[in-house]
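*Asks:* See target-v2.cif below, with mmCIF, C-alpha atoms.
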data_final
#
loop_
_atom_site.label_atom_id
_atom_site.label_comp_id
_atom_site.auth_asym_id
_atom_site.auth_seq_id
_atom_site.Cartn_x
_atom_site.Cartn_y
_atom_site.Cartn_z
CA MET A 247 -76.92 114.56 28.44
CA LYS A 248 -73.74 112.82 29.51
CA LYS A 249 -74.40 109.53 31.19
CA ILE A 250 -73.42 109.45 34.84
CA ILE A 251 -72.11 106.15 36.20
CA VAL A 252 -71.17 105.71 39.86
CA PHE A 253 -69.44 102.50 40.94
CA LEU A 254 -68.77 101.92 44.60
CA ILE A 255 -68.03 98.81 46.65
CA ILE A 256 -68.00 99.13 50.41
CA ASN A 257 -66.08 96.58 52.46
CA CYS A 258 -66.55 96.76 56.22
CA LEU A 259 -63.47 95.65 58.13
CA ILE A 260 -64.39 96.37 61.74
CA ILE A 261 -67.25 98.09 63.43
CA ASN A 262 -66.35 98.68 67.05
CA THR A 263 -69.51 99.60 68.95
CA SER A 264 -67.90 99.89 72.36
CA LYS A 265 -69.26 102.70 74.47
CA ALA A 266 -67.29 105.92 74.33
CA LEU A 267 -67.15 109.07 76.39
CA ILE A 268 -67.66 111.45 73.46
CA GLU A 269 -71.12 112.95 73.06
CA VAL A 270 -72.18 115.46 70.41
CA ASP A 271 -75.47 117.19 71.24
CA ILE A 272 -76.97 117.87 67.82
CA THR A 273 -79.91 119.76 69.30
CA ARG A 274 -77.75 122.72 70.36
CA GLY A 275 -76.47 123.96 67.01
CA ASN A 276 -72.90 125.23 67.02
CA LEU A 277 -72.57 125.81 70.75
CA ASP A 278 -69.34 124.25 72.08
CA PRO A 279 -68.33 122.43 68.85
CA LEU A 280 -66.35 119.25 69.45
CA PRO A 281 -62.59 119.62 68.78
CA ILE A 282 -61.69 116.90 66.27
CA ALA A 283 -58.31 116.13 64.70
CA ILE A 284 -58.42 114.80 61.13
CA SER A 285 -55.02 113.45 60.23
CA PRO A 286 -53.94 113.36 56.57
CA LEU A 287 -54.43 109.85 55.22
CA HIS A 288 -51.19 107.92 54.90
CA VAL A 289 -50.49 106.94 51.27
CA ASP A 290 -48.96 103.51 50.73
CA ILE A 291 -46.27 104.47 48.21
CA LYS A 292 -44.95 100.89 47.98
CA SER A 293 -47.70 99.96 45.59
CA GLU A 294 -46.42 99.19 42.08
CA ASP A 295 -49.57 100.67 40.61
CA TYR A 296 -48.57 104.28 41.36
CA LYS A 297 -48.13 105.87 37.96
CA ASP A 298 -49.21 109.39 38.79
CA LEU A 299 -47.40 111.27 41.53
CA LYS A 300 -50.59 113.28 42.12
CA ILE A 301 -51.99 110.21 43.86
CA LYS A 302 -49.79 111.16 46.82
CA GLU A 303 -51.98 114.22 47.29
CA LEU A 304 -55.14 112.16 47.73
CA GLY A 305 -54.48 111.52 51.40
CA ASP A 306 -54.38 115.25 52.08
CA ASN A 307 -57.34 115.95 49.80
CA ILE A 308 -59.63 113.36 51.39
CA SER A 309 -58.85 114.55 54.92
CA GLU A 310 -59.37 118.15 53.79
CA ILE A 311 -62.87 117.37 52.50
CA ILE A 312 -63.73 115.51 55.70
CA GLY A 313 -62.59 118.55 57.67
CA ARG A 314 -64.68 120.95 55.58
CA ASN A 315 -67.73 118.71 55.93
CA PHE A 316 -67.45 118.71 59.70
CA LYS A 317 -66.73 122.42 59.89
CA SER A 318 -69.87 123.10 57.86
CA THR A 319 -72.12 121.41 60.44
CA GLY A 320 -71.25 123.88 63.21
CA LEU A 321 -71.06 120.87 65.56
CA PHE A 322 -67.34 120.19 65.14
CA ASN A 323 -64.12 122.20 65.26
CA PRO A 324 -61.49 120.55 63.02
CA LEU A 325 -58.09 121.44 64.46
CA LYS A 326 -55.25 122.89 62.39
CA LYS A 327 -52.86 120.27 61.04
CA GLU A 328 -49.86 122.40 61.96
CA ALA A 329 -50.49 121.41 65.57
CA PHE A 330 -50.25 117.65 64.89
CA VAL A 331 -47.11 116.02 66.30
CA GLN A 332 -47.60 112.42 65.19
CA LYS A 333 -47.01 111.21 61.62
CA PRO A 334 -50.09 109.94 59.77
CA ASP A 335 -48.84 106.36 59.29
CA ILE A 336 -47.90 105.91 62.96
CA ALA A 337 -51.08 107.57 64.22
CA HIS A 338 -53.16 105.19 62.10
CA LEU A 339 -51.52 102.16 63.69
CA LYS A 340 -51.67 103.40 67.29
CA PRO A 341 -52.12 107.02 68.32
CA ARG A 342 -50.21 108.48 71.24
CA PHE A 343 -53.39 109.59 72.93
CA GLU A 344 -51.65 111.99 75.30
CA ASP A 345 -50.08 113.90 72.38
CA TRP A 346 -53.46 114.49 70.76
CA ARG A 347 -55.06 115.47 74.04
CA LEU A 348 -52.39 118.14 74.48
CA ILE A 349 -53.88 120.03 71.52
CA LYS A 350 -57.36 119.70 73.10
CA ALA A 351 -58.63 117.15 70.56
CA GLN A 352 -61.41 114.88 71.79
CA ALA A 353 -61.75 112.74 68.65
CA LEU A 354 -59.20 111.69 66.04
CA VAL A 355 -59.62 110.43 62.47
CA THR A 356 -56.73 108.51 60.89
CA GLY A 357 -56.45 106.54 57.67
CA LYS A 358 -54.44 105.21 54.79
CA LEU A 359 -54.96 104.56 51.11
CA LEU A 360 -53.43 102.57 48.28
CA ILE A 361 -54.20 101.75 44.67
CA LYS A 362 -54.07 98.14 43.56
CA ASP A 363 -55.49 96.48 40.45
CA GLU A 364 -56.80 99.89 39.36
CA LYS A 365 -58.92 100.13 42.50
CA LEU A 366 -58.62 102.70 45.27
CA LYS A 367 -58.74 101.27 48.78
CA VAL A 368 -59.22 103.68 51.68
CA GLU A 369 -59.15 102.73 55.34
CA PHE A 370 -60.06 105.00 58.23
CA ARG A 371 -60.29 104.77 62.00
CA LEU A 372 -62.13 106.95 64.47
CA TRP A 373 -60.58 107.26 67.94
CA ASP A 374 -62.08 108.47 71.19
CA LEU A 375 -59.14 110.34 72.73
CA THR A 376 -60.80 110.81 76.11
CA ALA A 377 -61.41 107.09 76.56
CA ALA A 378 -58.24 106.14 74.59
CA LYS A 379 -60.25 103.71 72.47
CA GLU A 380 -60.94 102.99 68.83
CA MET A 381 -64.59 103.67 68.04
CA THR A 382 -64.93 102.58 64.40
CA ALA A 383 -62.75 101.20 61.61
CA LEU A 384 -63.92 100.79 58.02
CA ALA A 385 -62.48 100.30 54.55
CA PHE A 386 -63.89 101.34 51.16
CA THR A 387 -62.88 100.07 47.72
CA THR A 388 -63.86 101.97 44.60
CA THR A 389 -62.55 103.40 41.36
CA PRO A 390 -59.92 106.14 41.87
CA SER A 391 -62.18 108.79 40.33
CA ASN A 392 -64.62 108.34 43.22
CA TRP A 393 -62.22 109.58 45.88
CA ARG A 394 -64.44 112.58 46.68
CA ARG A 395 -67.39 110.29 47.37
CA VAL A 396 -65.22 108.21 49.67
CA ALA A 397 -64.45 111.37 51.65
CA HIS A 398 -68.16 112.12 51.98
CA ILE A 399 -69.04 108.54 52.97
CA ILE A 400 -66.32 108.53 55.63
CA SER A 401 -67.73 111.83 56.90
CA ASP A 402 -71.19 110.25 57.13
CA LYS A 403 -69.91 107.25 59.07
CA ILE A 404 -68.03 109.45 61.55
CA TYR A 405 -71.02 111.79 61.95
CA GLU A 406 -73.31 108.84 62.63
CA ARG A 407 -70.93 107.31 65.17
CA LEU A 408 -70.50 110.59 67.06
CA THR A 409 -74.08 111.90 66.93
CA GLY A 410 -76.18 108.75 66.72
CA GLU A 411 -77.91 109.97 63.54
CA GLU A 412 -77.28 109.50 59.84
CA GLY A 413 -75.07 112.00 58.06
CA TYR A 414 -75.94 113.94 54.92
CA PHE A 415 -72.59 114.47 53.18
CA ASP A 416 -72.84 111.84 50.42
CA THR A 417 -75.74 113.68 48.83
CA ARG A 418 -76.48 116.05 45.98
CA ILE A 419 -78.57 119.18 45.56
CA ILE A 420 -80.50 119.96 42.41
CA TYR A 421 -81.48 123.56 41.77
CA VAL A 422 -82.38 126.12 39.13
CA SER A 423 -79.26 127.85 37.81
CA GLU A 424 -80.02 131.47 36.92
CA SER A 425 -78.14 134.00 34.79
CA GLY A 426 -78.87 137.28 33.05
CA PRO A 427 -80.89 140.35 34.12
CA LYS A 428 -83.83 139.84 36.45
CA ASP A 429 -86.46 140.44 33.76
CA GLN A 430 -84.72 138.11 31.27
CA ARG A 431 -83.37 135.27 33.39
CA VAL A 432 -82.02 132.15 31.70
CA LYS A 433 -82.91 129.19 33.90
CA LYS A 434 -81.31 125.75 33.68
CA LEU A 435 -81.50 122.68 35.87
CA ALA A 436 -78.19 122.12 37.65
CA ILE A 437 -76.95 119.55 40.11
CA MET A 438 -73.96 119.53 42.45
CA ASP A 439 -72.56 117.66 45.43
CA GLN A 440 -73.81 119.08 48.72
CA ASP A 441 -70.48 120.89 49.18
CA GLY A 442 -70.73 122.66 45.81
CA ALA A 443 -68.38 120.39 43.82
CA ASN A 444 -69.09 118.56 40.55
CA THR A 445 -71.63 120.99 39.13
CA LYS A 446 -73.44 119.67 36.05
CA TYR A 447 -76.12 121.34 33.93
CA LEU A 448 -79.02 119.09 32.99
CA THR A 449 -80.96 121.37 30.62
CA LEU A 450 -79.87 123.90 28.00
CA GLY A 451 -81.86 126.90 29.16
CA ASN A 452 -84.08 127.03 26.06
CA GLU A 453 -87.19 126.48 28.17
CA LEU A 454 -88.19 127.85 31.55
CA VAL A 455 -87.66 125.26 34.31
CA LEU A 456 -89.08 125.41 37.83
CA THR A 457 -89.31 123.44 41.11
CA PRO A 458 -87.05 120.40 40.64
CA ARG A 459 -87.72 117.80 43.35
CA PHE A 460 -85.86 114.57 44.18
CA ASN A 461 -87.52 111.21 44.63
CA PRO A 462 -86.97 110.29 48.33
CA ASN A 463 -85.71 106.82 47.36
CA ASN A 464 -83.46 107.28 44.33
CA GLN A 465 -81.91 109.75 41.91
CA LEU A 466 -85.08 110.41 39.94
CA VAL A 467 -86.20 114.05 39.66
CA THR A 468 -89.51 115.64 38.77
CA TYR A 469 -89.70 119.23 37.60
CA LEU A 470 -91.91 121.70 35.78
CA SER A 471 -91.03 123.16 32.39
CA TYR A 472 -92.82 125.32 29.85
CA PHE A 473 -92.79 124.19 26.23
CA ARG A 474 -94.35 126.79 23.91
CA ASN A 475 -95.97 128.34 26.99
CA MET A 476 -97.57 125.00 27.89
CA PRO A 477 -96.69 123.61 31.35
CA ARG A 478 -95.23 120.13 31.30
CA VAL A 479 -94.23 117.90 34.20
CA TYR A 480 -91.08 115.89 33.50
CA LEU A 481 -89.30 112.95 35.07
CA LEU A 482 -85.51 112.85 34.78
CA ASP A 483 -83.24 109.97 35.77
CA ILE A 484 -80.01 111.63 36.92
CA GLU A 485 -77.94 108.45 36.52
CA THR A 486 -78.99 107.53 32.99
CA GLY A 487 -80.02 110.92 31.61
CA MET A 488 -83.35 109.46 30.48
CA GLN A 489 -86.17 112.01 30.49
CA GLU A 490 -89.90 111.65 29.91
CA VAL A 491 -92.96 113.86 29.96
CA VAL A 492 -95.43 112.85 32.65
CA GLY A 493 -98.16 114.92 31.05
CA ASN A 494 -99.32 118.18 29.52
CA PHE A 495 -101.78 119.91 31.79
CA PRO A 496 -104.28 122.66 31.04
CA GLY A 497 -104.02 125.93 32.88
CA MET A 498 -101.20 126.37 35.37
CA THR A 499 -99.39 123.55 37.14
CA PHE A 500 -97.46 124.08 40.35
CA ALA A 501 -94.68 122.35 42.28
CA PRO A 502 -94.81 118.61 41.47
CA ARG A 503 -93.39 116.50 44.28
CA PHE A 504 -92.99 112.75 44.89
CA SER A 505 -94.87 110.59 47.36
CA PRO A 506 -92.65 108.88 49.97
CA ASP A 507 -92.64 105.57 48.07
CA GLY A 508 -91.78 107.37 44.82
CA LYS A 509 -94.76 105.84 42.98
CA LYS A 510 -96.84 108.99 42.69
CA ILE A 511 -96.36 112.69 42.19
CA ILE A 512 -98.54 115.28 43.88
CA MET A 513 -99.11 118.76 42.48
CA SER A 514 -101.71 121.47 42.01
CA PHE A 515 -103.56 122.44 38.83
CA ALA A 516 -105.16 125.84 38.33
CA GLU A 517 -108.20 126.32 36.10
CA ASP A 518 -110.43 129.38 35.87
CA GLY A 519 -108.56 131.09 38.68
CA ASN A 520 -108.94 128.18 41.09
CA SER A 521 -106.28 125.68 42.13
CA ASP A 522 -106.73 122.20 43.60
CA ILE A 523 -104.39 119.36 44.54
CA TYR A 524 -104.07 116.19 42.46
CA THR A 525 -101.94 113.05 42.46
CA MET A 526 -100.78 110.99 39.51
CA ASP A 527 -99.78 107.33 39.63
CA LEU A 528 -96.53 107.17 37.66
CA GLU A 529 -97.13 103.61 36.45
CA THR A 530 -100.78 103.88 35.36
CA ARG A 531 -100.85 107.67 34.76
CA VAL A 532 -104.18 107.76 36.62
CA VAL A 533 -104.89 111.25 37.99
CA GLU A 534 -106.82 111.61 41.24
CA ARG A 535 -108.27 114.85 42.58
CA ILE A 536 -107.52 115.31 46.30
CA THR A 537 -109.09 118.69 47.09
CA ASN A 538 -112.18 120.30 45.63
CA HIS A 539 -112.59 123.76 47.08
CA SER A 540 -113.35 127.22 45.75
CA SER A 541 -110.11 128.53 47.32
CA ILE A 542 -106.54 128.22 46.05
CA ASP A 543 -104.89 125.02 47.33
CA THR A 544 -101.25 124.50 46.40
CA SER A 545 -97.72 123.44 47.52
CA PRO A 546 -98.63 119.93 48.75
CA SER A 547 -96.10 117.73 50.56
CA PHE A 548 -96.59 114.19 51.90
CA SER A 549 -95.68 113.08 55.41
CA PRO A 550 -92.89 110.44 55.30
CA ASP A 551 -95.36 107.64 56.10
CA GLY A 552 -97.61 108.77 53.24
CA LYS A 553 -100.69 109.08 55.46
CA TYR A 554 -100.97 112.87 55.50
CA ILE A 555 -100.45 115.87 53.23
CA CYS A 556 -99.60 119.42 54.24
CA PHE A 557 -100.44 122.25 51.85
CA ASN A 558 -101.19 125.95 51.82
CA SER A 559 -104.57 127.48 51.09
CA ASP A 560 -106.36 130.81 51.28
CA ARG A 561 -109.67 129.22 52.27
CA SER A 562 -109.58 131.16 55.56
CA GLY A 563 -108.97 134.47 53.77
CA LEU A 564 -105.18 134.68 54.09
CA GLN A 565 -102.77 132.00 52.90
CA GLN A 566 -102.22 129.51 55.73
CA ILE A 567 -100.95 125.93 56.15
CA TYR A 568 -103.31 122.98 56.41
CA VAL A 569 -102.93 119.26 57.01
CA MET A 570 -105.26 116.56 55.67
CA ARG A 571 -105.31 112.81 55.22
CA SER A 572 -103.82 111.56 51.96
CA ASP A 573 -107.32 110.96 50.55
CA GLY A 574 -108.27 114.61 51.13
CA SER A 575 -110.38 114.04 54.23
CA ASP A 576 -110.11 115.57 57.69
CA VAL A 577 -108.68 118.94 56.61
CA LYS A 578 -107.28 120.98 59.52
CA ARG A 579 -105.73 124.42 59.61
CA ILE A 580 -102.52 124.39 61.68
CA THR A 581 -101.20 127.99 61.40
CA PHE A 582 -102.86 130.89 63.18
CA GLY A 583 -99.97 133.33 63.62
CA LYS A 584 -99.80 136.77 62.07
CA GLY A 585 -98.54 136.79 58.51
CA ILE A 586 -98.84 134.69 55.35
CA TYR A 587 -97.57 131.09 55.33
CA GLY A 588 -96.43 129.06 52.32
CA THR A 589 -94.20 126.32 50.82
CA PRO A 590 -94.75 123.76 53.62
CA VAL A 591 -92.43 120.72 53.47
CA TRP A 592 -92.70 117.72 55.77
CA SER A 593 -89.46 116.64 57.44
CA PRO A 594 -88.13 113.16 56.50
CA ARG A 595 -88.09 112.46 60.24
CA GLY A 596 -91.84 113.16 60.37
CA ASP A 597 -91.62 115.49 63.38
CA LEU A 598 -91.59 118.95 61.79
CA ILE A 599 -92.91 120.98 58.87
CA ALA A 600 -90.68 123.67 57.35
CA PHE A 601 -92.31 126.73 55.82
CA THR A 602 -91.91 130.24 54.46
CA LYS A 603 -93.62 133.09 56.29
CA VAL A 604 -94.16 136.67 55.10
CA ARG A 605 -94.90 139.41 57.61
CA LYS A 606 -94.40 143.18 57.46
CA GLY A 607 -92.44 142.95 54.24
CA LYS A 608 -89.94 140.36 55.52
CA PHE A 609 -89.54 136.71 54.57
CA TYR A 610 -88.83 134.07 57.20
CA ILE A 611 -87.83 130.40 57.01
CA GLY A 612 -89.22 128.48 59.98
CA VAL A 613 -90.24 125.12 61.37
CA MET A 614 -93.19 123.94 63.45
CA ARG A 615 -94.56 120.69 64.78
CA THR A 616 -97.00 118.89 62.53
CA ASP A 617 -99.97 120.21 64.52
CA GLY A 618 -98.75 123.81 64.11
CA SER A 619 -97.41 124.19 67.65
CA GLY A 620 -93.86 125.17 68.56
CA GLU A 621 -93.35 127.58 65.65
CA ARG A 622 -89.73 128.77 65.39
CA LEU A 623 -88.50 131.33 62.86
CA LEU A 624 -84.92 130.42 61.95
CA THR A 625 -83.89 133.24 59.63
CA GLU A 626 -85.27 136.43 58.10
CA ASN A 627 -84.37 138.45 55.01
CA PHE A 628 -85.60 140.68 52.21
CA TYR A 629 -86.77 137.67 50.17
CA GLN A 630 -86.22 133.95 50.75
CA GLU A 631 -88.26 130.79 50.30
CA ALA A 632 -88.40 127.14 49.13
CA PRO A 633 -86.89 125.24 52.09
CA SER A 634 -85.78 121.65 51.42
CA TRP A 635 -84.70 119.11 54.05
CA SER A 636 -81.42 117.24 54.32
CA PRO A 637 -82.14 113.48 54.37
CA ASN A 638 -81.56 113.26 58.14
CA GLY A 639 -83.97 116.13 58.85
CA ARG A 640 -81.39 118.29 60.64
CA VAL A 641 -80.56 120.96 58.04
CA LEU A 642 -82.59 123.08 55.62
CA VAL A 643 -81.42 124.47 52.29
CA PHE A 644 -83.31 127.40 50.75
CA TYR A 645 -82.72 130.29 48.40
CA ARG A 646 -82.43 133.99 49.12
CA GLU A 647 -82.68 136.96 46.80
CA THR A 648 -80.78 140.14 47.67
CA LYS A 649 -80.56 143.65 46.29
CA SER A 650 -77.33 145.57 45.84
CA GLY A 651 -76.46 149.19 45.13
CA SER A 652 -77.69 152.27 46.93
CA LYS A 653 -80.95 152.21 44.95
CA GLY A 654 -81.42 148.46 45.08
CA GLU A 655 -80.80 148.12 41.35
CA GLY A 656 -78.61 145.02 41.61
CA PHE A 657 -79.96 141.52 42.13
CA SER A 658 -78.71 138.06 43.04
CA ALA A 659 -80.20 134.73 44.12
CA LYS A 660 -78.11 132.30 46.17
CA LEU A 661 -78.55 129.05 48.08
CA TRP A 662 -78.24 129.09 51.86
CA SER A 663 -78.48 126.48 54.59
CA ILE A 664 -79.31 126.58 58.28
CA ASP A 665 -79.75 123.86 60.88
CA ILE A 666 -83.07 123.46 62.67
CA THR A 667 -81.69 124.94 65.89
CA GLY A 668 -81.40 128.27 64.06
CA TYR A 669 -77.59 128.22 64.19
CA ASN A 670 -74.96 127.82 61.51
CA GLU A 671 -76.49 129.85 58.70
CA ARG A 672 -74.18 129.81 55.67
CA LYS A 673 -74.15 130.49 51.95
CA LEU A 674 -73.56 127.53 49.62
CA THR A 675 -71.11 127.78 46.74
CA THR A 676 -72.70 127.78 43.27
CA LYS A 677 -71.19 128.79 39.93
CA THR A 678 -74.18 130.97 39.04
CA ASP A 679 -77.15 132.47 40.80
CA ALA A 680 -79.38 129.70 42.11
CA SER A 681 -82.94 129.08 43.32
CA ASP A 682 -85.46 126.31 44.09
CA PRO A 683 -83.10 123.75 45.71
CA SER A 684 -83.97 120.14 46.48
CA TRP A 685 -81.78 117.83 48.57
CA SER A 686 -81.30 114.19 47.52
CA SER A 687 -81.35 111.13 49.71
CA LEU A 688 -78.02 109.50 50.63
CA LEU A 689 -76.32 108.14 47.52
CA SER A 690 -74.72 105.27 49.43
CA LYS A 691 -77.96 103.83 50.85
#
Can you give me the file's structure in the form of structure tokens?
*Replies:*
Amino acid sequence: MKKIIVFLIINCLIINTSKALIEVDITRGNLDPLPIAISPLHVDIKSEDYKDLKIKELGDNISEIIGRNFKSTGLFNPLKKEAFVQKPDIAHLKPRFEDWRLIKAQALVTGKLLIKDEKLKVEFRLWDLTAAKEMTALAFTTTPSNWRRVAHIISDKIYERLTGEEGYFDTRIIYVSESGPKDQRVKKLAIMDQDGANTKYLTLGNELVLTPRFNPNNQLVTYLSYFRNMPRVYLLDIETGMQEVVGNFPGMTFAPRFSPDGKKIIMSFAEDGNSDIYTMDLETRVVERITNHSSIDTSPSFSPDGKYICFNSDRSGLQQIYVMRSDGSDVKRITFGKGIYGTPVWSPRGDLIAFTKVRKGKFYIGVMRTDGSGERLLTENFYQEAPSWSPNGRVLVFYRETKSGSKGEGFSAKLWSIDITGYNERKLTTKTDASDPSWSSLLSK
């Protein structure tokens, strides 16, 4: 696999933490999105290092990506550039606040870029137009090929300054790329930026691959594959392309997932029709059995502090969600609603558990508090499952299968996202059908 190298140096010029009048309420979904003007970045054409005229387009391209990122949240309304009356270079030095307020903008992003010594330097400023103040100013230096990442990092910094929480734009999503008829699907591991760009295929499709999951702390992935009908759990380093087999396991193995510190994986093994939950220390390869019950226990997920595990089990008759301590003690059932519950995933914020629910032939993606209270069903469809959290715990990505044709003979699987308020449901762009997504941590952390 092609080696992936990312080089990025971040230089902070100014961080202005003065209080501003702008407030973005991230708990209300896409109600009353904040009007924001994102000016094209001014390109310093005086630089002697300009050899490619296409570099002049970078200012527009970076601002366009920032605009799309903010539009995708449902929290912001990027205004049309045709309405802007101030030139990008002048606006970056000192906006005429009254001109921007005339088009109803409440926040303004300006910037400039230049290339020097084969490095791309990008500056940006965030302005509070209501208070007529600069909120934040930063500069980033990197290789020119990383201009898309710069756009995502700028988006994260603006999002954090306006909402008070970390962004999730400088991230990637790994998933199972699917092609071919439903009964003969070719499945490959694929990875892309969270906005659908830079798709790369990590496996050839010769073997069945399932349930890729990111390490919470780095770009290491665990996934399940079948080699000669034998389940194997793999570790894959996205940056180096190095891959190793964690182990060959008897019977069926399900949904390996990392512990919060990245030092263990947790999964379920099935033998003789029964499934229990195990952990494996990745350094020592020591396997520890966590549950020992005559029922089927599967789909485990750690709490972000590593003290608890949620999982689903049919020990009460129907499949429900349970929580236990990380050593397997103090098992408690937390779901009691009508229907079947599965695929529980603990939020990185620690406050919620996402899940799939099946009732009366419909599939729901929902969230609940960690004690099972406050259940909210966010979206329903013919078939959908496998929610995965954005690193800030505000958005879920999942996959949805749909039928087409009057007799339901067609079939497709696509990735979708929705925020935890239940607003802003949207389909993600993938080159093929897609399933089993997993969201990475921030690349720039």
*Asks:* What is the CA of Val396 (chain A)-CA of Asn461 (chain A) distance in Å, reported with one decimal?
*Replies:*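 One can read the CA of Val396 (chain A) to CA of Asn461 (chain A) distance as 23.1 Å.
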*Asks:* Written as a ChimeraX atom specification, what is the full residue list that the PyMOL selection byres ((chain A and resi 471-475) around 8) yields on the file shown?
*Replies:* /A:453-456,469-470,476-480
*Asks:* Please, could you write that set of residues out with C-alpha atoms as a compact mmCIF listing (two decimals), in the coordinates of the input?
*Replies:*
# COMPACT_ATOMS: atom_id res chain seq x y z
CA GLU A 453 -87.19 126.48 28.17
CA LEU A 454 -88.19 127.85 31.55
CA VAL A 455 -87.66 125.26 34.31
CA LEU A 456 -89.08 125.41 37.83
CA TYR A 469 -89.70 119.23 37.60
CA LEU A 470 -91.91 121.70 35.78
CA MET A 476 -97.57 125.00 27.89
CA PRO A 477 -96.69 123.61 31.35
CA ARG A 478 -95.23 120.13 31.30
CA VAL A 479 -94.23 117.90 34.20
CA TYR A 480 -91.08 115.89 33.50
*Asks:* Taking the file as I've supplied it (selection: the PyMOL selection byres ((chain A and resi 414-421) around 6)), which residues are included? Please answer as a PDB file with C-alpha atoms, in the coordinates of the input.
*Replies:*
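Dumped everything to part-v3.pdb:
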ATOM      1  CA  HIS A 398     -68.160 112.120  51.980  1.00  0.00           C
ATOM      2  CA  ILE A 399     -69.040 108.540  52.970  1.00  0.00           C
ATOM      3  CA  ASP A 402     -71.190 110.250  57.130  1.00  0.00           C
ATOM      4  CA  GLY A 413     -75.070 112.000  58.060  1.00  0.00           C
ATOM      5  CA  VAL A 422     -82.380 126.120  39.130  1.00  0.00           C
ATOM      6  CA  LEU A 435     -81.500 122.680  35.870  1.00  0.00           C
ATOM      7  CA  ALA A 436     -78.190 122.120  37.650  1.00  0.00           C
ATOM      8  CA  ILE A 437     -76.950 119.550  40.110  1.00  0.00           C
ATOM      9  CA  MET A 438     -73.960 119.530  42.450  1.00  0.00           C
ATOM     10  CA  ASP A 439     -72.560 117.660  45.430  1.00  0.00           C
ATOM     11  CA  GLN A 440     -73.810 119.080  48.720  1.00  0.00           C
ATOM     12  CA  SER A 681     -82.940 129.080  43.320  1.00  0.00           C
ATOM     13  CA  ASP A 682     -85.460 126.310  44.090  1.00  0.00           C
ATOM     14  CA  PRO A 683     -83.100 123.750  45.710  1.00  0.00           C
ATOM     15  CA  SER A 684     -83.970 120.140  46.480  1.00  0.00           C
ATOM     16  CA  TRP A 685     -81.780 117.830  48.570  1.00  0.00           C
ATOM     17  CA  SER A 686     -81.300 114.190  47.520  1.00  0.00           C
ATOM     18  CA  LEU A 688     -78.020 109.500  50.630  1.00  0.00           C
ATOM     19  CA  LEU A 689     -76.320 108.140  47.520  1.00  0.00           C
TER      20      LEU A 689
END
*Asks:* Would you translate the PyMOL selection byres ((chain A and resi 501) around 7) into the concrete set of residues it matches in this file, as a list in words?
*Replies:*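 On the file shown, the PyMOL selection byres ((chain A and resi 501) around 7) covers Thr457, Phe500, Pro502, Arg503, Met513 and Ser545 of chain A.
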*Asks:* Near Val289 (chain A), counting all atoms listed in the file, which residues have an atom at most 10 Å away, once you skip same-chain residues fewer than 4 positions from it, shown as a PyMOL selection string?
*Replies:* chain A and resi 293+301-306+334-335+357-361+368
*Asks:* Skip Thr648 (chain A) itself and residues of its chain fewer than 4 positions away, then list as a list in words all residues within 12 Å of it, counting all atoms listed in the file.
*Replies:*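 Once the adjacent positions are removed, what remains is Lys428, Phe609, Glu626, Asn627, Phe628, Tyr629, Gln630, Gly654, Glu655, Gly656, Phe657, Ser658, Ala659, Lys660, Leu661, Asp679 and Ala680 of chain A.
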*Asks:* Kindly give the distance, in Å, that separates CA of Glu631 (chain A) and CA of Ile484 (chain A), rounded to a single decimal.
*Replies:*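 Between CA of Glu631 (chain A) and CA of Ile484 (chain A) the gap is 24.8 Å.
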*Asks:* So what do you get for CA of Ile400 (chain A) versus CA of Phe370 (chain A), distance-wise?
*Replies:*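 So the answer is 7.6 Å.
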*Asks:* Model the absent atoms of region 472-480 of chain A so that N, CA and C atoms are present, and write the result as a compact mmCIF listing (two decimals), in the coordinates of the input.
*Replies:*
# COMPACT_ATOMS: atom_id res chain seq x y z
N TYR A 472 -91.84 124.75 30.77
CA TYR A 472 -92.82 125.32 29.85
C TYR A 472 -92.32 125.15 28.42
N PHE A 473 -93.10 124.41 27.64
CA PHE A 473 -92.79 124.19 26.23
C PHE A 473 -93.85 124.91 25.40
N ARG A 474 -93.41 125.95 24.67
CA ARG A 474 -94.35 126.79 23.91
C ARG A 474 -95.47 127.30 24.81
N ASN A 475 -95.06 127.77 25.99
CA ASN A 475 -95.97 128.34 26.99
C ASN A 475 -96.96 127.33 27.57
N MET A 476 -96.72 126.04 27.32
CA MET A 476 -97.57 125.00 27.89
C MET A 476 -96.82 124.31 29.02
N PRO A 477 -97.39 124.26 30.25
CA PRO A 477 -96.69 123.61 31.35
C PRO A 477 -96.61 122.10 31.16
N ARG A 478 -95.44 121.57 31.37
CA ARG A 478 -95.23 120.13 31.30
C ARG A 478 -94.51 119.67 32.57
N VAL A 479 -94.92 118.53 33.08
CA VAL A 479 -94.23 117.90 34.20
C VAL A 479 -93.34 116.79 33.65
N TYR A 480 -92.06 116.85 34.00
CA TYR A 480 -91.08 115.89 33.50
C TYR A 480 -90.56 114.99 34.62
